[in-house]
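Undergrad: One structure, as structure tokens, below. Some questions next.
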Amino acid sequence: MTTIAQKAPYGVDVEAGKSYWWCSCGLSKNQPFCDGSHKPTHFMPLEYKAEKSEKVWLCGCKQTSRKPACDGSHKQL
């Protein structure tokens, strides 16, 4: 079971062509990105490759069906 890092998305400025590793377990101290805290779990980080430089909204509750993007699932928690 994932840990809810926060009940809101993280607004992150990303750079075109750069890869970011989204924390899927909720344990990272570097939310919304992976810091390796998942290692004792079965969770793995998810790569997000930015297509353009912009602000994106990455899921903080880890319940989204559009990983790693927020889909509003946090509103149901």
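Every chain in the structure tokens has a letter given in the order shown (A, B, ...), and although residue numbers restart at 1 in each chain, ligands are simply numbered from 1 in the order shown.
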I'd like to know which residues of segment 30-74 of chain A are strand (DSSP E) (by DSSP, run on the backbone); could you write them as an MDAnalysis selection string?
TA: chainID A and resid 46:49 54:58
Undergrad: Restrict the selected residues to N, CA, C and O atoms and save them as a short mmCIF file (atom, residue, chain, number, x, y, z; two decimals), in the first residue's frame.
TA:
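The resulting file, part.cif, is reproduced below:
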data_model
loop_
_atom_site.label_atom_id
_atom_site.label_comp_id
_atom_site.auth_asym_id
_atom_site.auth_seq_id
_atom_site.Cartn_x
_atom_site.Cartn_y
_atom_site.Cartn_z
N LEU A 46 8.72 6.00 -11.19
CA LEU A 46 8.24 6.06 -12.57
C LEU A 46 8.93 7.23 -13.27
O LEU A 46 8.92 8.35 -12.77
N GLU A 47 9.52 6.94 -14.43
CA GLU A 47 10.18 7.99 -15.19
C GLU A 47 9.16 8.88 -15.88
O GLU A 47 8.20 8.41 -16.49
N TYR A 48 9.38 10.18 -15.75
CA TYR A 48 8.58 11.18 -16.46
C TYR A 48 9.56 11.97 -17.31
O TYR A 48 10.48 12.58 -16.79
N LYS A 49 9.40 11.92 -18.62
CA LYS A 49 10.28 12.66 -19.52
C LYS A 49 9.51 13.87 -20.05
O LYS A 49 8.48 13.72 -20.72
N GLU A 54 7.75 23.48 -18.92
CA GLU A 54 6.47 23.98 -18.43
C GLU A 54 6.27 23.57 -16.98
O GLU A 54 7.07 22.83 -16.42
N LYS A 55 5.19 24.04 -16.38
CA LYS A 55 4.81 23.59 -15.04
C LYS A 55 3.86 22.41 -15.22
O LYS A 55 2.91 22.48 -16.02
N VAL A 56 4.15 21.31 -14.51
CA VAL A 56 3.27 20.14 -14.53
C VAL A 56 2.79 19.87 -13.11
O VAL A 56 3.42 20.30 -12.13
N TRP A 57 1.68 19.18 -12.98
CA TRP A 57 1.09 18.87 -11.68
C TRP A 57 1.19 17.37 -11.46
O TRP A 57 0.49 16.59 -12.09
N LEU A 58 2.13 16.99 -10.60
CA LEU A 58 2.39 15.58 -10.32
C LEU A 58 1.65 15.15 -9.06
O LEU A 58 1.57 15.90 -8.08
#
Undergrad: Kindly indicate which residue among A:Leu77, A:Ala50, A:Met44, A:Cys59 lies nearest to Cys25 of chain A, using only C-alpha atoms for the distances.
TA: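 Smallest separation from Cys25 of chain A among the options: A:Met44.
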